[in-house]
file query-v3.cif (mmCIF, C-alpha atoms)
data_run
#
loop_
_atom_site.label_atom_id
_atom_site.label_comp_id
_atom_site.auth_asym_id
_atom_site.auth_seq_id
_atom_site.Cartn_x
_atom_site.Cartn_y
_atom_site.Cartn_z
CA CYS A 1 0.00 0.00 0.00
CA TYR A 2 2.94 2.32 -0.64
CA ASP A 3 2.08 5.50 -2.55
CA ALA A 4 5.31 6.38 -4.36
CA SER A 5 4.02 9.75 -5.55
CA ARG A 6 3.42 10.87 -1.96
CA LYS A 7 6.25 8.85 -0.40
CA MET A 8 3.93 7.48 2.26
CA TYR A 9 1.92 4.37 3.01
CA ASN A 10 -1.84 4.33 2.76
CA PRO A 11 -3.67 2.99 5.82
CA LEU A 12 -5.58 0.48 3.66
CA LYS A 13 -4.71 -1.42 0.50
CA GLU A 14 -7.79 0.03 -1.19
CA MET A 15 -8.68 3.65 -0.52
CA ILE A 16 -12.43 3.97 -1.15
CA LEU A 17 -14.84 6.27 0.69
CA ALA A 18 -17.46 4.30 2.61
CA PRO A 19 -20.99 4.98 1.40
CA THR A 20 -23.32 6.02 4.20
CA ASP A 21 -26.58 4.91 2.62
CA SER A 22 -27.76 1.35 2.13
CA ALA A 23 -27.81 1.80 -1.67
CA GLY A 24 -24.08 2.58 -1.64
CA LYS A 25 -24.40 5.88 -3.49
CA ARG A 26 -23.97 8.62 -0.86
CA VAL A 27 -20.36 9.29 0.13
CA VAL A 28 -20.37 12.97 1.11
CA ALA A 29 -21.00 12.06 4.77
CA ALA A 30 -17.79 9.99 4.71
CA THR A 31 -15.70 13.09 4.00
CA PHE A 32 -14.10 15.61 6.33
CA GLY A 33 -15.79 18.90 7.06
CA ASP A 34 -18.64 20.96 8.41
CA ASP A 35 -22.22 20.17 7.48
CA VAL A 36 -21.52 16.74 5.96
CA ARG A 37 -23.45 14.87 8.66
CA TYR A 38 -26.91 15.43 10.09
CA GLU A 39 -28.23 14.22 13.41
CA GLY A 40 -31.48 15.21 15.05
CA GLY A 41 -32.22 17.71 12.28
CA ARG A 42 -28.92 19.57 12.83
CA SER A 43 -25.75 19.60 10.82
CA LYS A 44 -22.70 18.04 12.37
CA LYS A 45 -18.98 18.24 11.68
CA HIS A 46 -17.09 15.10 10.65
CA THR A 47 -13.42 15.15 11.62
CA GLY A 48 -12.02 12.45 9.38
CA LEU A 49 -12.52 10.22 6.39
CA ASP A 50 -14.52 7.02 6.49
CA LEU A 51 -12.72 4.52 4.28
CA TYR A 52 -14.56 1.38 3.23
CA ALA A 53 -13.09 -1.71 4.88
CA PRO A 54 -14.84 -4.97 5.75
CA GLU A 55 -14.48 -5.97 9.39
CA GLY A 56 -11.03 -7.45 10.06
CA THR A 57 -9.24 -5.57 7.26
CA PRO A 58 -5.55 -4.89 8.13
CA VAL A 59 -4.65 -1.26 8.79
CA TYR A 60 -1.14 0.01 8.05
CA ALA A 61 0.98 2.73 9.66
CA MET A 62 1.28 5.63 7.26
CA TYR A 63 4.58 6.93 8.69
CA ASP A 64 7.12 5.86 11.29
CA GLY A 65 5.98 6.86 14.76
CA LYS A 66 4.78 5.57 18.11
CA ILE A 67 1.49 4.51 19.61
CA SER A 68 0.25 7.41 21.72
CA ASP A 69 -1.08 6.97 25.25
CA ARG A 70 -3.85 9.48 24.46
CA LYS A 71 -7.28 8.12 23.57
CA TYR A 72 -6.00 4.53 23.52
CA VAL A 73 -9.04 2.24 23.90
CA VAL A 74 -8.86 -1.42 22.86
CA SER A 75 -11.39 -3.20 25.09
CA GLN A 76 -14.73 -1.97 23.73
CA PRO A 77 -17.00 -4.84 22.60
CA ASN A 78 -19.42 -4.78 19.68
CA ARG A 79 -22.91 -3.47 20.36
CA ASN A 80 -26.01 -5.41 19.41
CA LYS A 81 -26.90 -4.49 15.81
CA GLU A 82 -30.64 -4.56 16.35
CA SER A 83 -30.97 -2.86 19.73
CA SER A 84 -27.73 -0.81 19.87
CA ARG A 85 -27.26 -2.07 23.44
CA TRP A 86 -23.94 -2.84 25.02
CA PRO A 87 -23.39 -6.29 26.53
CA GLU A 88 -24.93 -6.31 30.02
CA ASP A 89 -21.61 -6.98 31.75
CA TYR A 90 -19.73 -4.15 29.96
CA SER A 91 -19.12 -0.94 31.91
CA GLY A 92 -16.03 0.46 30.16
CA ASP A 93 -15.52 3.19 27.57
CA LYS A 94 -18.65 3.83 25.49
CA ASP A 95 -17.38 6.60 23.23
CA GLY A 96 -18.72 6.56 19.67
CA ALA A 97 -15.17 6.28 18.31
CA GLY A 98 -15.10 2.68 19.52
CA ASN A 99 -11.79 0.91 19.86
CA ARG A 100 -9.20 3.43 18.82
CA PHE A 101 -5.59 4.41 18.91
CA ILE A 102 -3.39 7.22 17.68
CA ILE A 103 -0.01 7.04 16.01
CA GLU A 104 2.16 10.07 16.69
CA SER A 105 4.65 10.83 13.90
CA GLN A 106 7.30 13.46 13.23
CA ILE A 107 7.13 14.69 9.65
CA ASN A 108 9.44 17.46 8.44
CA GLY A 109 9.88 18.68 12.03
CA ASP A 110 6.16 18.80 12.84
CA THR A 111 4.13 16.40 14.97
CA TYR A 112 1.11 14.73 13.37
CA TYR A 113 -1.46 12.45 14.94
CA PHE A 114 -3.07 9.70 12.87
CA LEU A 115 -6.34 8.61 14.49
CA PHE A 116 -7.75 5.14 13.82
CA TRP A 117 -11.35 4.62 15.02
CA HIS A 118 -13.91 1.79 15.02
CA MET A 119 -11.26 -0.88 15.30
CA GLN A 120 -12.23 -4.52 15.70
CA ALA A 121 -13.59 -5.88 18.98
CA GLY A 122 -11.27 -8.47 20.49
CA THR A 123 -8.27 -7.75 18.24
CA PRO A 124 -8.22 -4.01 17.51
CA VAL A 125 -4.43 -3.75 17.41
CA ALA A 126 -1.94 -6.01 15.66
CA VAL A 127 0.84 -7.92 17.34
CA ASN A 128 4.06 -5.94 17.57
CA PRO A 129 6.60 -8.12 15.74
CA ARG A 130 9.39 -6.85 17.99
CA THR A 131 7.74 -7.81 21.30
CA GLY A 132 5.23 -10.52 20.41
CA ASN A 133 2.51 -8.57 22.27
CA PRO A 134 -0.28 -6.37 20.92
CA PHE A 135 0.82 -2.82 20.15
CA SER A 136 0.45 -0.59 23.18
CA PRO A 137 1.24 3.03 24.10
CA GLY A 138 4.90 3.88 23.63
CA ASP A 139 5.54 1.13 21.07
CA VAL A 140 7.39 2.19 17.93
CA VAL A 141 5.67 1.51 14.61
CA TYR A 142 7.18 1.62 11.15
CA ALA A 143 5.57 2.91 7.97
CA GLY A 144 3.83 0.08 6.13
CA GLU A 145 3.56 -2.14 9.19
CA VAL A 146 0.18 -3.68 10.08
CA VAL A 147 -0.95 -1.90 13.26
CA GLY A 148 -4.57 -2.97 13.65
CA TYR A 149 -7.78 -4.36 12.19
CA THR A 150 -10.99 -2.59 11.22
CA GLY A 151 -14.21 -3.29 13.05
CA ARG A 152 -17.63 -1.95 13.93
CA THR A 153 -17.17 -0.70 17.49
CA GLY A 154 -18.57 2.55 18.86
CA ASN A 155 -21.25 4.18 16.75
CA ALA A 156 -20.29 2.08 13.68
CA TYR A 157 -22.15 -0.98 14.99
CA ASN A 158 -24.98 -0.84 12.46
CA VAL A 159 -23.74 1.07 9.41
CA PRO A 160 -24.46 -0.19 5.88
CA PHE A 161 -20.75 -0.28 4.95
CA HIS A 162 -18.05 -1.03 7.51
CA HIS A 163 -15.19 1.41 7.56
CA LEU A 164 -12.05 2.80 9.11
CA HIS A 165 -12.47 6.33 10.42
CA LEU A 166 -9.14 8.00 9.71
CA GLY A 167 -8.33 11.35 11.24
CA VAL A 168 -5.15 13.37 10.77
CA GLN A 169 -4.36 16.27 13.08
CA ASN A 170 -1.35 18.48 13.62
CA SER A 171 0.41 19.11 16.93
CA SER A 172 -2.21 21.60 18.13
CA TYR A 173 -4.90 18.87 18.20
CA LEU A 174 -4.01 17.21 21.49
CA ASN A 175 -2.45 20.15 23.33
#

call {"tool": "encode", "arguments": {"input": "query-v3.cif", "output": "structure tokens"}}
result
Amino acid sequence: CYDASRKMYNPLKEMILAPTDSAGKRVVAATFGDDVRYEGGRSKKHTGLDLYAPEGTPVYAMYDGKISDRKYVVSQPNRNKESSRWPEDYSGDKDGAGNRFIIESQINGDTYYFLFWHMQAGTPVAVNPRTGNPFSPGDVVYAGEVVGYTGRTGNAYNVPFHHLHLGVQNSSYLN
């Protein structure tokens, strides 16, 4: 998934916006920006791209970096598709981003944060080949390395097309 023209890796082998309607024709709500989403009759900002990816699709690091300790959640289960309920015995994080992690990278002297949301329940992060354990905060990642697997956690439990929510922020995002 190396993009030679940009000298970076793509997070997925196929980069396709995830349709947000059951017919598979509406993609504007999968894009970044103001007024691309509507909830309760009001417009809503979307802070990333939703890239089509069936559940369990490998996700790749775009640049060298490290797993951040900020917003690292890997224990959220799937919600019930029909009722949207959480499992009765689950009392952990219930944020709509689902299982998620951030890779912090230095690019041309600036810090960038690559946000990966709606990762798979059970195995949201890949095994770090250097430690034999799942990637965790502080672990170094290398561009092109599998870092996780897409899922349907958070508010992506009952969408017509499964996806990776990818956000990219500069150093001012988490300060």

call {"tool": "closest_residue", "arguments": {"input": "query-v3.cif", "among": "A:Ala121, A:Ala143, A:Ala18, A:Val127", "to": "A:Gln106", "atoms": "all atoms listed in the file"}}
result
A:Ala143

call {"tool": "closest_residue", "arguments": {"input": "query-v3.cif", "among": "A:Asn108, A:Asn155, A:Asn99, A:Gln120", "to": "A:Glu55", "atoms": "all atoms listed in the file"}}
result
A:Gln120

call {"tool": "closest_residue", "arguments": {"input": "query-v3.cif", "among": "A:Pro87, A:Gly154, A:Pro11, A:Pro129", "to": "A:Tyr63", "atoms": "all atoms listed in the file"}}
result
A:Pro11

call {"tool": "atom_distance", "arguments": {"input": "query-v3.cif", "atom1": "atom CA of A:Phe161", "atom2": "atom CA of A:Leu51"}}
result
9.4 Å

call {"tool": "closest_residue", "arguments": {"input": "query-v3.cif", "among": "A:Ser136, A:Ser91, A:Ser75, A:Thr131", "to": "A:Met119", "atoms": "only C-alpha atoms"}}
result
A:Ser75

call {"tool": "residues_around", "arguments": {"input": "query-v3.cif", "residues": "A:Lys13", "least_positions_apart": "4", "cutoff": "10 Å", "atoms": "all atoms listed in the file", "output": "JSON, numbers by chain"}}
result
{"A": [1, 2, 9, 53, 57, 58, 59, 60]}

call {"tool": "atom_distance", "arguments": {"input": "query-v3.cif", "atom1": "atom CA of A:Tyr112", "atom2": "atom CA of A:Val74"}}
result
21.2 Å

call {"tool": "resolve_selection", "arguments": {"input": "query-v3.cif", "expression": "the PyMOL selection byres ((chain A and resi 93) around 12)", "output": "compact mmCIF listing (two decimals) with C-alpha atoms, in the coordinates of the input"}}
result
# COMPACT_ATOMS: atom_id res chain seq x y z
CA LYS A 71 -7.28 8.12 23.57
CA TYR A 72 -6.00 4.53 23.52
CA VAL A 73 -9.04 2.24 23.90
CA VAL A 74 -8.86 -1.42 22.86
CA SER A 75 -11.39 -3.20 25.09
CA GLN A 76 -14.73 -1.97 23.73
CA PRO A 77 -17.00 -4.84 22.60
CA ASN A 78 -19.42 -4.78 19.68
CA TRP A 86 -23.94 -2.84 25.02
CA TYR A 90 -19.73 -4.15 29.96
CA SER A 91 -19.12 -0.94 31.91
CA GLY A 92 -16.03 0.46 30.16
CA LYS A 94 -18.65 3.83 25.49
CA ASP A 95 -17.38 6.60 23.23
CA GLY A 96 -18.72 6.56 19.67
CA ALA A 97 -15.17 6.28 18.31
CA GLY A 98 -15.10 2.68 19.52
CA ASN A 99 -11.79 0.91 19.86
CA ARG A 100 -9.20 3.43 18.82
CA THR A 153 -17.17 -0.70 17.49
CA GLY A 154 -18.57 2.55 18.86

call {"tool": "atom_distance", "arguments": {"input": "query-v3.cif", "atom1": "atom CA of A:Arg85", "atom2": "atom CA of A:Phe101"}}
result
23.1 Å

call {"tool": "residues_around", "arguments": {"input": "query-v3.cif", "residues": "A:Gly167", "least_positions_apart": "3", "cutoff": "6 Å", "atoms": "only C-alpha atoms", "output": "VMD selection string"}}
result
chain A and resid 48 114 to 115

call {"tool": "closest_residue", "arguments": {"input": "query-v3.cif", "among": "A:Val125, A:Asp3, A:Arg70, A:Gly109", "to": "A:Val146", "atoms": "all atoms listed in the file"}}
result
A:Val125

call {"tool": "residues_around", "arguments": {"input": "query-v3.cif", "residues": "A:Arg152", "least_positions_apart": "2", "cutoff": "6 Å", "atoms": "all atoms listed in the file", "output": "JSON, numbers by chain"}}
result
{"A": [118, 156, 157]}

call {"tool": "closest_residue", "arguments": {"input": "query-v3.cif", "among": "A:Arg6, A:Gly151, A:Ser105, A:Met15", "to": "A:Ala61", "atoms": "only C-alpha atoms"}}
result
A:Ser105

call {"tool": "residues_around", "arguments": {"input": "query-v3.cif", "residues": "A:Val140", "least_positions_apart": "3", "cutoff": "10 Å", "atoms": "only C-alpha atoms", "output": "VMD selection string"}}
result
chain A and resid 64 to 68 103 to 105 128 130 135 to 137

call {"tool": "write_last_selection", "arguments": {"input": "query-v3.cif", "atoms": "C-alpha atoms", "output": "PDB file, in the frame of the given file"}}
result
ATOM      1  CA  ASP A  64       7.120   5.860  11.290  1.00  0.00           C
ATOM      2  CA  GLY A  65       5.980   6.860  14.760  1.00  0.00           C
ATOM      3  CA  LYS A  66       4.780   5.570  18.110  1.00  0.00           C
ATOM      4  CA  ILE A  67       1.490   4.510  19.610  1.00  0.00           C
ATOM      5  CA  SER A  68       0.250   7.410  21.720  1.00  0.00           C
ATOM      6  CA  ILE A 103      -0.010   7.040  16.010  1.00  0.00           C
ATOM      7  CA  GLU A 104       2.160  10.070  16.690  1.00  0.00           C
ATOM      8  CA  SER A 105       4.650  10.830  13.900  1.00  0.00           C
ATOM      9  CA  ASN A 128       4.060  -5.940  17.570  1.00  0.00           C
ATOM     10  CA  ARG A 130       9.390  -6.850  17.990  1.00  0.00           C
ATOM     11  CA  PHE A 135       0.820  -2.820  20.150  1.00  0.00           C
ATOM     12  CA  SER A 136       0.450  -0.590  23.180  1.00  0.00           C
ATOM     13  CA  PRO A 137       1.240   3.030  24.100  1.00  0.00           C
TER      14      PRO A 137
END
